[in-house]
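Q: Next up, model-v1.txt (compact mmCIF, C-alpha atoms and all ligand atoms).
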```
# COMPACT_ATOMS: atom_id res chain seq x y z
CA MET A 1 84.49 87.08 75.69
CA THR A 2 81.15 88.69 76.67
CA GLU A 3 81.39 92.03 78.53
CA ILE A 4 82.72 91.33 82.05
CA ARG A 5 81.06 93.68 84.55
CA ASN A 6 81.29 91.83 87.89
CA ILE A 7 84.28 89.76 89.01
CA VAL A 8 84.53 87.74 92.22
CA ILE A 9 87.99 86.43 93.04
CA LEU A 10 88.65 83.74 95.68
CA THR A 11 92.23 83.41 96.86
CA GLY A 12 93.95 80.77 98.98
CA ALA A 13 97.37 80.12 100.46
CA GLY A 14 98.90 79.56 97.01
CA ILE A 15 98.77 83.29 96.20
CA SER A 16 101.05 83.97 99.20
CA ALA A 17 103.39 81.02 98.60
CA GLU A 18 105.87 83.03 96.49
CA SER A 19 106.02 85.58 99.31
CA GLY A 20 107.42 82.83 101.51
CA ILE A 21 104.29 82.02 103.56
CA ASP A 22 103.76 78.26 104.03
CA THR A 23 100.66 76.84 102.38
CA PHE A 24 98.63 74.28 104.31
CA ARG A 25 98.84 71.20 102.19
CA ASP A 26 102.02 71.43 100.15
CA ALA A 27 105.00 69.40 101.32
CA GLY A 28 106.17 70.79 104.65
CA GLY A 29 103.03 72.93 104.81
CA LEU A 30 101.54 74.25 108.01
CA TRP A 31 99.26 71.29 108.61
CA GLU A 32 102.15 68.83 108.31
CA GLN A 33 103.88 70.58 111.19
CA HIS A 34 100.72 70.50 113.29
CA ARG A 35 97.58 68.33 113.33
CA VAL A 36 94.79 70.60 112.13
CA GLU A 37 92.57 69.27 114.93
CA ASP A 38 95.11 70.54 117.45
CA VAL A 39 95.61 74.09 116.22
CA ALA A 40 92.65 75.15 114.03
CA THR A 41 89.60 73.97 115.98
CA PRO A 42 87.79 75.36 119.08
CA GLU A 43 88.34 71.95 120.72
CA GLY A 44 92.10 72.19 120.11
CA PHE A 45 92.10 75.68 121.62
CA ALA A 46 90.18 74.50 124.69
CA ARG A 47 92.52 71.51 125.07
CA ASP A 48 95.82 73.39 124.72
CA PRO A 49 95.43 77.18 124.45
CA ASP A 50 99.19 77.77 124.71
CA LEU A 51 99.88 75.54 121.66
CA VAL A 52 97.25 77.38 119.63
CA LEU A 53 98.16 80.90 120.78
CA GLY A 54 101.83 80.11 120.10
CA PHE A 55 101.01 78.75 116.61
CA TYR A 56 99.22 81.95 115.66
CA ASP A 57 101.80 84.20 117.38
CA MET A 58 104.48 82.56 115.19
CA ARG A 59 102.45 83.09 112.01
CA ARG A 60 101.55 86.70 112.96
CA ALA A 61 105.20 87.53 113.66
CA ALA A 62 106.25 85.95 110.33
CA LEU A 63 104.14 88.53 108.44
CA ALA A 64 106.69 91.24 109.26
CA LYS A 65 109.35 89.27 107.36
CA VAL A 66 107.45 88.77 104.07
CA GLN A 67 106.32 91.05 101.26
CA PRO A 68 103.37 90.95 98.85
CA ASN A 69 104.28 89.43 95.49
CA ALA A 70 103.44 90.21 91.84
CA ALA A 71 100.10 88.39 92.13
CA HIS A 72 98.91 90.53 95.06
CA ARG A 73 100.02 93.67 93.25
CA ALA A 74 98.32 92.63 90.00
CA LEU A 75 94.98 92.19 91.82
CA ALA A 76 95.37 95.66 93.35
CA ARG A 77 95.99 97.06 89.84
CA LEU A 78 92.88 95.25 88.58
CA GLU A 79 90.85 96.75 91.43
CA THR A 80 92.06 100.25 90.53
CA GLU A 81 91.77 100.04 86.75
CA PHE A 82 88.81 97.67 86.16
CA SER A 83 85.70 99.71 85.28
CA GLY A 84 83.27 97.08 86.62
CA ASP A 85 82.76 95.69 90.13
CA LEU A 86 85.44 93.53 91.81
CA LEU A 87 85.40 91.72 95.16
CA ILE A 88 88.42 89.81 96.49
CA VAL A 89 87.31 87.08 98.90
CA THR A 90 90.30 85.52 100.60
CA GLN A 91 90.64 82.40 102.73
CA ASN A 92 94.02 83.73 103.84
CA VAL A 93 94.55 85.30 107.23
CA ASP A 94 97.66 87.21 106.10
CA ASP A 95 97.60 90.93 105.18
CA LEU A 96 99.42 90.68 101.86
CA HIS A 97 96.43 91.66 99.68
CA GLU A 98 96.15 94.91 101.62
CA ARG A 99 99.90 95.51 101.66
CA GLY A 100 99.88 94.83 97.90
CA GLY A 101 97.45 97.74 97.51
CA ALA A 102 94.01 96.08 97.43
CA LYS A 103 91.26 98.02 99.23
CA ARG A 104 88.15 95.77 99.16
CA VAL A 105 89.31 92.45 100.69
CA LEU A 106 86.86 90.12 102.45
CA HIS A 107 88.67 87.82 104.89
CA MET A 108 86.13 85.00 105.16
CA HIS A 109 88.39 83.10 107.59
CA GLY A 110 89.46 86.11 109.64
CA GLU A 111 92.89 87.70 110.02
CA LEU A 112 96.11 87.15 111.96
CA LYS A 113 96.21 90.89 112.67
CA SER A 114 92.84 90.90 114.41
CA ALA A 115 91.85 89.80 117.94
CA LEU A 116 88.59 88.53 119.38
CA CYS A 117 87.80 88.86 123.11
CA LEU A 118 85.98 85.89 124.59
CA SER A 119 84.66 88.09 127.42
CA CYS A 120 83.29 91.19 125.70
CA GLU A 121 83.32 89.99 122.06
CA MET A 122 85.53 92.92 121.02
CA ARG A 123 86.95 92.35 117.52
CA GLY A 124 89.71 94.66 116.42
CA PRO A 125 93.21 95.19 115.05
CA TRP A 126 95.92 93.32 116.91
CA ASP A 127 99.60 92.85 116.07
CA ALA A 128 101.20 91.54 119.29
CA PRO A 129 101.64 88.06 120.79
CA MET A 130 98.75 86.50 122.72
CA LEU A 131 100.69 83.73 124.50
CA ASP A 132 101.40 86.07 127.42
CA ARG A 133 97.64 86.71 127.80
CA PRO A 134 97.57 90.50 127.23
CA PRO A 135 94.47 92.36 128.49
CA CYS A 136 91.63 93.05 126.07
CA PRO A 137 91.92 96.74 125.01
CA VAL A 138 88.19 97.19 125.76
CA CYS A 139 87.35 95.15 128.87
CA GLN A 140 90.87 94.40 130.17
CA ALA A 141 89.99 90.69 130.58
CA ARG A 142 92.89 88.39 129.66
CA SER A 143 90.72 86.42 127.21
CA LEU A 144 91.85 87.28 123.69
CA ARG A 145 91.89 84.65 120.92
CA PRO A 146 93.02 84.92 117.31
CA ASP A 147 90.21 86.36 115.17
CA VAL A 148 90.39 83.48 112.68
CA VAL A 149 87.65 81.02 111.66
CA TRP A 150 88.50 77.50 112.85
CA PHE A 151 87.03 74.26 111.53
CA GLY A 152 83.43 73.95 112.64
CA GLU A 153 83.08 77.74 112.99
CA MET A 154 80.98 79.96 110.73
CA PRO A 155 83.00 81.81 108.09
CA TYR A 156 82.53 85.59 108.06
CA GLN A 157 80.17 87.55 105.76
CA MET A 158 78.71 84.52 103.97
CA ASP A 159 75.59 86.44 102.91
CA ARG A 160 77.73 89.17 101.33
CA ILE A 161 79.76 86.50 99.50
CA TYR A 162 76.68 84.72 98.12
CA ARG A 163 75.21 88.07 97.05
CA ALA A 164 78.43 88.83 95.14
CA LEU A 165 78.40 85.36 93.54
CA ARG A 166 74.82 85.97 92.35
CA GLU A 167 75.96 89.18 90.61
CA ALA A 168 79.22 87.77 89.22
CA ASP A 169 79.72 87.14 85.54
CA LEU A 170 83.27 85.92 86.19
CA PHE A 171 84.52 83.87 89.18
CA VAL A 172 88.29 83.37 89.45
CA SER A 173 89.90 81.02 91.99
CA ILE A 174 93.60 81.62 92.68
CA GLY A 175 95.97 79.41 94.71
CA THR A 176 93.58 77.17 96.56
CA SER A 177 93.34 73.39 96.80
CA GLY A 178 89.55 73.39 96.93
CA ALA A 179 89.72 71.20 100.05
CA VAL A 180 87.74 73.28 102.55
CA TYR A 181 84.07 74.23 102.48
CA PRO A 182 82.10 76.39 102.00
CA ALA A 183 84.85 78.19 99.98
CA ALA A 184 85.48 75.09 97.85
CA GLY A 185 81.83 75.13 96.76
CA PHE A 186 81.82 78.74 95.47
CA VAL A 187 82.82 77.65 91.95
CA ARG A 188 79.72 75.45 91.68
CA ASP A 189 77.49 78.20 93.08
CA ALA A 190 78.95 80.73 90.63
CA ARG A 191 78.62 78.35 87.68
CA GLU A 192 75.03 77.47 88.51
CA LEU A 193 74.30 81.20 88.79
CA GLY A 194 75.63 81.75 85.26
CA ALA A 195 79.18 83.00 85.81
CA ARG A 196 82.17 81.95 83.77
CA THR A 197 84.71 80.23 86.03
CA LEU A 198 88.51 80.32 85.80
CA GLU A 199 91.10 78.63 88.03
CA LEU A 200 94.70 79.86 88.32
CA ASN A 201 96.69 77.37 90.40
CA LEU A 202 100.16 75.80 90.52
CA GLU A 203 98.67 72.38 89.81
CA ARG A 204 95.22 70.91 89.24
CA SER A 205 93.15 71.10 92.42
CA GLU A 206 90.32 69.03 93.89
CA GLY A 207 87.89 71.34 92.17
CA SER A 208 89.57 71.84 88.77
CA HIS A 209 86.91 69.86 86.91
CA TRP A 210 84.24 72.39 87.99
CA PHE A 211 85.93 75.29 86.14
CA HIS A 212 85.24 76.27 82.52
CA GLU A 213 88.97 76.97 82.29
CA SER A 214 91.88 75.95 84.53
CA ARG A 215 95.42 77.25 84.04
CA GLN A 216 98.42 75.78 85.87
CA GLY A 217 101.45 77.79 86.90
CA PRO A 218 102.77 80.06 89.67
CA ALA A 219 100.42 82.88 90.69
CA GLY A 220 103.28 85.37 90.32
CA GLU A 221 103.20 84.70 86.57
CA LEU A 222 99.59 83.67 85.84
CA VAL A 223 97.84 86.48 87.74
CA PRO A 224 99.62 89.47 86.13
CA GLU A 225 99.12 87.83 82.70
CA TRP A 226 95.39 87.33 83.38
CA VAL A 227 94.99 90.90 84.72
CA ASP A 228 96.59 92.21 81.50
CA GLU A 229 94.04 90.16 79.51
CA VAL A 230 91.09 91.56 81.49
CA LEU A 231 92.33 95.16 81.27
CA GLY A 232 93.01 94.76 77.57
CA GLY A 233 96.79 94.52 77.82
C1 LIG A 301 81.86 75.56 108.27
C2 LIG A 301 91.76 79.84 108.93
C3 LIG A 301 79.52 75.62 108.69
C4 LIG A 301 92.61 79.49 110.09
C5 LIG A 301 90.97 77.80 107.82
C6 LIG A 301 83.40 66.82 107.70
C7 LIG A 301 83.72 66.87 109.06
C8 LIG A 301 83.92 68.08 109.72
C9 LIG A 301 83.79 69.28 109.03
C10 LIG A 301 83.48 69.22 107.69
C11 LIG A 301 83.27 68.01 107.04
N1 LIG A 301 82.99 68.30 105.74
C12 LIG A 301 83.00 69.61 105.56
C13 LIG A 301 83.28 70.19 106.75
C14 LIG A 301 83.34 71.61 107.02
C15 LIG A 301 84.78 72.07 107.11
C16 LIG A 301 85.62 71.51 105.97
O1 LIG A 301 85.47 71.93 104.83
N2 LIG A 301 86.49 70.53 106.28
C17 LIG A 301 87.29 69.93 105.24
C18 LIG A 301 88.69 69.59 105.82
C19 LIG A 301 86.56 68.68 104.75
N3 LIG A 301 84.70 73.50 106.98
C20 LIG A 301 84.50 74.25 108.08
O2 LIG A 301 84.50 73.83 109.22
C21 LIG A 301 84.23 75.73 107.82
N4 LIG A 301 83.05 76.12 108.54
O3 LIG A 301 81.71 74.68 107.45
O4 LIG A 301 80.83 76.09 109.02
C22 LIG A 301 79.01 76.43 107.54
C23 LIG A 301 78.85 75.84 106.28
C24 LIG A 301 78.36 76.61 105.22
C25 LIG A 301 78.05 77.94 105.41
C26 LIG A 301 78.26 78.51 106.67
C27 LIG A 301 78.74 77.76 107.74
C28 LIG A 301 85.36 76.61 108.33
C29 LIG A 301 86.65 76.24 107.62
C30 LIG A 301 87.70 77.30 107.90
C31 LIG A 301 88.91 76.69 108.56
N5 LIG A 301 89.96 77.71 108.65
N6 LIG A 301 91.87 78.80 107.90
C32 LIG A 301 94.07 79.47 109.72
O5 LIG A 301 94.47 79.97 108.66
O6 LIG A 301 94.83 78.94 110.56
S1 LIG A 301 91.13 76.66 106.60
C33 LIG A 301 92.52 76.92 105.64
O7 LIG A 301 92.67 75.80 104.75
C34 LIG A 301 92.41 78.08 104.67
O8 LIG A 301 91.75 79.18 105.22
C35 LIG A 301 91.70 77.54 103.48
O9 LIG A 301 90.31 77.72 103.59
C36 LIG A 301 91.91 76.06 103.60
C37 LIG A 301 92.50 75.50 102.35
O10 LIG A 301 93.74 76.04 102.23
P1 LIG A 301 94.23 76.65 100.82
O11 LIG A 301 94.18 78.12 100.97
O12 LIG A 301 93.52 76.06 99.66
O13 LIG A 301 95.73 76.16 100.87
P2 LIG A 301 96.26 74.69 100.54
O14 LIG A 301 97.61 74.57 101.13
O15 LIG A 301 95.21 73.67 100.86
O16 LIG A 301 96.40 74.73 98.96
C38 LIG A 301 97.31 75.65 98.39
C39 LIG A 301 97.07 75.58 96.89
O17 LIG A 301 97.91 76.56 96.28
C40 LIG A 301 97.45 74.24 96.30
O18 LIG A 301 96.42 73.84 95.40
C41 LIG A 301 98.76 74.51 95.56
O19 LIG A 301 98.85 73.75 94.36
C42 LIG A 301 98.61 75.96 95.21
N7 LIG A 301 99.88 76.68 95.11
C43 LIG A 301 101.02 76.47 95.83
N8 LIG A 301 101.97 77.35 95.43
C44 LIG A 301 101.40 78.13 94.47
C45 LIG A 301 100.08 77.71 94.27
N9 LIG A 301 99.27 78.28 93.37
C46 LIG A 301 99.77 79.30 92.65
N10 LIG A 301 101.02 79.77 92.78
C47 LIG A 301 101.87 79.21 93.68
N11 LIG A 301 103.12 79.68 93.79
```
Mind turning this structure into structure tokens?
Ligand code: BV8

A:
Amino acid sequence: MTEIRNIVILTGAGISAESGIDTFRDAGGLWEQHRVEDVATPEGFARDPDLVLGFYDMRRAALAKVQPNAAHRALARLETEFSGDLLIVTQNVDDLHERGGAKRVLHMHGELKSALCLSCEMRGPWDAPMLDRPPCPVCQARSLRPDVVWFGEMPYQMDRIYRALREADLFVSIGTSGAVYPAAGFVRDARELGARTLELNLERSEGSHWFHESRQGPAGELVPEWVDEVLGG
């Protein structure tokens, strides 16, 4: 394998599955319990704010009951020991990458533990319910919403992501179905820009055919194995 100097990793709900966090599309996943249009769109929020705030309060509270798994910890080890440049871009809104020890994590779809104020546009750490309409810590208005990117909204830090993809000589996708754009298109961007592309997923995804290599299995096994390979065992 040619010298790997720059790695971009994209993670999805599958990397947190073994920690006990529901994925979106697997049987019984989050979207089966709720129509995505009702809970992950600005229109759904406008139509029924209590349903949406309650949905995210439940998911935020669930974070306290789960732990990072071997895959999160393996990526943190890679970040520490890899001599080149590594960026973890996650679609996940959980904090398991950070709790697993990773330092440079880009949450392109926002975070459960962050709040956005619709009055003063404050964005900042938040770990309490929102259903009871708590005051914004900056302007006191009772207009906080979850700081997550809903369908139809612009994902965060897209220019930084595309810059990293341009530099990457290896793009690795872990635990994502490749169903949602623009994240699902990163593999094509990376490939066209000359990177090698590797998928680590429980089963083949909608984007598997775009990868030079696609391995199937649980992230808790595949990711530590792959990190050992990259770090030379
Ligand atoms: C945008 C945050 C413009 C909130 C999420 C047609 C009509 C309308 C819209 C569109 C359209 N076509 C395209 C669009 C745009 C739309 C979109 O892609 N829609 C899809 C449904 C067609 N996208 C958007 O609206 C995005 N914004 O486009 O703005 C723009 C465009 C370009 C550049 C700039 C701006 C915003 C989308 C963000 C929505 N927010 N989440 C929240 O979390 O509640 S989406 C959510 O689902 C995730 O964040 C993730 O992105 C997405 C997919 O989920 P996955 O993580 O992949 O999870 P999933 O369950 O699907 O799959 C799990 C995988 O893991 C499976 O493959 C499974 O096999 C595997 N797995 C399971 N267990 C394990 C495992 N793997 C390993 N180990 C295991 N143990």

Q: For ligand LIG 301 (chain A), list the contacting residues at 7 Å or closer, counting all atoms listed in the file, as a tab-separated table (two decimals) with C-alpha atoms, in the frame of the given file.

A:
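Saved to part18.tsv:
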```tsv
chain	number	residue	atom	x	y	z
A	11	THR	CA	92.23	83.41	96.86
A	12	GLY	CA	93.95	80.77	98.98
A	13	ALA	CA	97.37	80.12	100.46
A	14	GLY	CA	98.90	79.56	97.01
A	15	ILE	CA	98.77	83.29	96.20
A	17	ALA	CA	103.39	81.02	98.60
A	18	GLU	CA	105.87	83.03	96.49
A	23	THR	CA	100.66	76.84	102.38
A	24	PHE	CA	98.63	74.28	104.31
A	25	ARG	CA	98.84	71.20	102.19
A	26	ASP	CA	102.02	71.43	100.15
A	29	GLY	CA	103.03	72.93	104.81
A	40	ALA	CA	92.65	75.15	114.03
A	91	GLN	CA	90.64	82.40	102.73
A	92	ASN	CA	94.02	83.73	103.84
A	93	VAL	CA	94.55	85.30	107.23
A	109	HIS	CA	88.39	83.10	107.59
A	110	GLY	CA	89.46	86.11	109.64
A	148	VAL	CA	90.39	83.48	112.68
A	149	VAL	CA	87.65	81.02	111.66
A	150	TRP	CA	88.50	77.50	112.85
A	151	PHE	CA	87.03	74.26	111.53
A	152	GLY	CA	83.43	73.95	112.64
A	153	GLU	CA	83.08	77.74	112.99
A	154	MET	CA	80.98	79.96	110.73
A	155	PRO	CA	83.00	81.81	108.09
A	158	MET	CA	78.71	84.52	103.97
A	174	ILE	CA	93.60	81.62	92.68
A	175	GLY	CA	95.97	79.41	94.71
A	176	THR	CA	93.58	77.17	96.56
A	177	SER	CA	93.34	73.39	96.80
A	178	GLY	CA	89.55	73.39	96.93
A	179	ALA	CA	89.72	71.20	100.05
A	180	VAL	CA	87.74	73.28	102.55
A	181	TYR	CA	84.07	74.23	102.48
A	182	PRO	CA	82.10	76.39	102.00
A	183	ALA	CA	84.85	78.19	99.98
A	200	LEU	CA	94.70	79.86	88.32
A	201	ASN	CA	96.69	77.37	90.40
A	202	LEU	CA	100.16	75.80	90.52
A	203	GLU	CA	98.67	72.38	89.81
A	204	ARG	CA	95.22	70.91	89.24
A	205	SER	CA	93.15	71.10	92.42
A	217	GLY	CA	101.45	77.79	86.90
A	218	PRO	CA	102.77	80.06	89.67
A	219	ALA	CA	100.42	82.88	90.69
A	220	GLY	CA	103.28	85.37	90.32
```

Q: Padding of 3 Å on every side, edges along x, y and z, all listed atoms of region 22-32 of chain A included: what centre and edge lengths in Å, to one decimal, does that box have, as JSON?

A:
```
{"center_x": 102.4, "center_y": 73.5, "center_z": 104.4, "size_x": 13.5, "size_y": 15.4, "size_z": 14.5}
```

Q: With 12 Å as the cut-off and only C-alpha atoms counted, what is the closest atom pair between each nearby residue of region 145-227 of chain A and region 119-122 of chain A? Distances in Å to one decimal, ordered by chain and number, as a Markdown table.

A:
```
| residue | atom | partner | partner_atom | distance |
| --- | --- | --- | --- | --- |
| A:Arg145 | CA | A:Glu121 | CA | 10.2 |
| A:Pro146 | CA | A:Met122 | CA | 11.6 |
| A:Asp147 | CA | A:Met122 | CA | 10.0 |
```

Q: Measuring atom to atom with all atoms listed in the file, identify which of A:Ala184, A:Trp226, A:Ala168, A:Arg123 is nearest to Cys139 (chain A).

A: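 Residue with the minimum atom-to-atom distance to Cys139 (chain A): A:Arg123.
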
Q: What gap, in Å, lies between CA of Gln157 (chain A) and CA of Ser214 (chain A)?

A: 26.9 Å

Q: When you look at Ser143 (chain A) with a cut-off of 9 Å (counting all atoms listed in the file), what residues show up, excluding the ones that are within fewer than 3 positions of it in the same chain? I need them as a ChimeraX atom specification.

A: /A:116-120,133-136,140

Q: From the list A:Thr41, A:Ser114, A:Ser173, A:Gln67, which residue is nearest Thr90 (chain A) when using only C-alpha atoms?

A: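 Selected residue with least distance to Thr90 (chain A): A:Ser173.
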
Q: With all atoms listed in the file as the basis for distance, which of A:Pro224, A:Gly28, A:Pro42, A:Gly100 is at the shortest distance from Ala74 (chain A)?

A: A:Pro224

Q: Quick one, how far is CA of Asp189 (chain A) from CA of Gly232 (chain A)?

A: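 That distance, rounded to one decimal, is 27.5 Å.
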
Q: Find the residues near Val39 (chain A): any atom within 12 Å, counting all atoms listed in the file, skip ones fewer than 4 places away on the same chain, and give them as a ChimeraX atom specification.

A: /A:30-35,43-57,146,148-151

Q: Quick one: distance from CA of Asp127 (chain A) to CA of Lys65 (chain A) in Å, one decimal?

A: 13.6 Å

Q: Which one is closest to Gly124 (chain A): A:Glu3, A:Glu229, A:Glu206, A:Glu111? Count all atoms listed in the file.

A: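 Counting all atoms listed in the file, the residue closest to Gly124 (chain A) is A:Glu111.
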
Q: I'd like to know which of A:Leu63, A:Ile4, A:Leu106, A:Leu144 is closest to Val230 (chain A), using only C-alpha atoms.

A: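 Closest candidate: A:Ile4.
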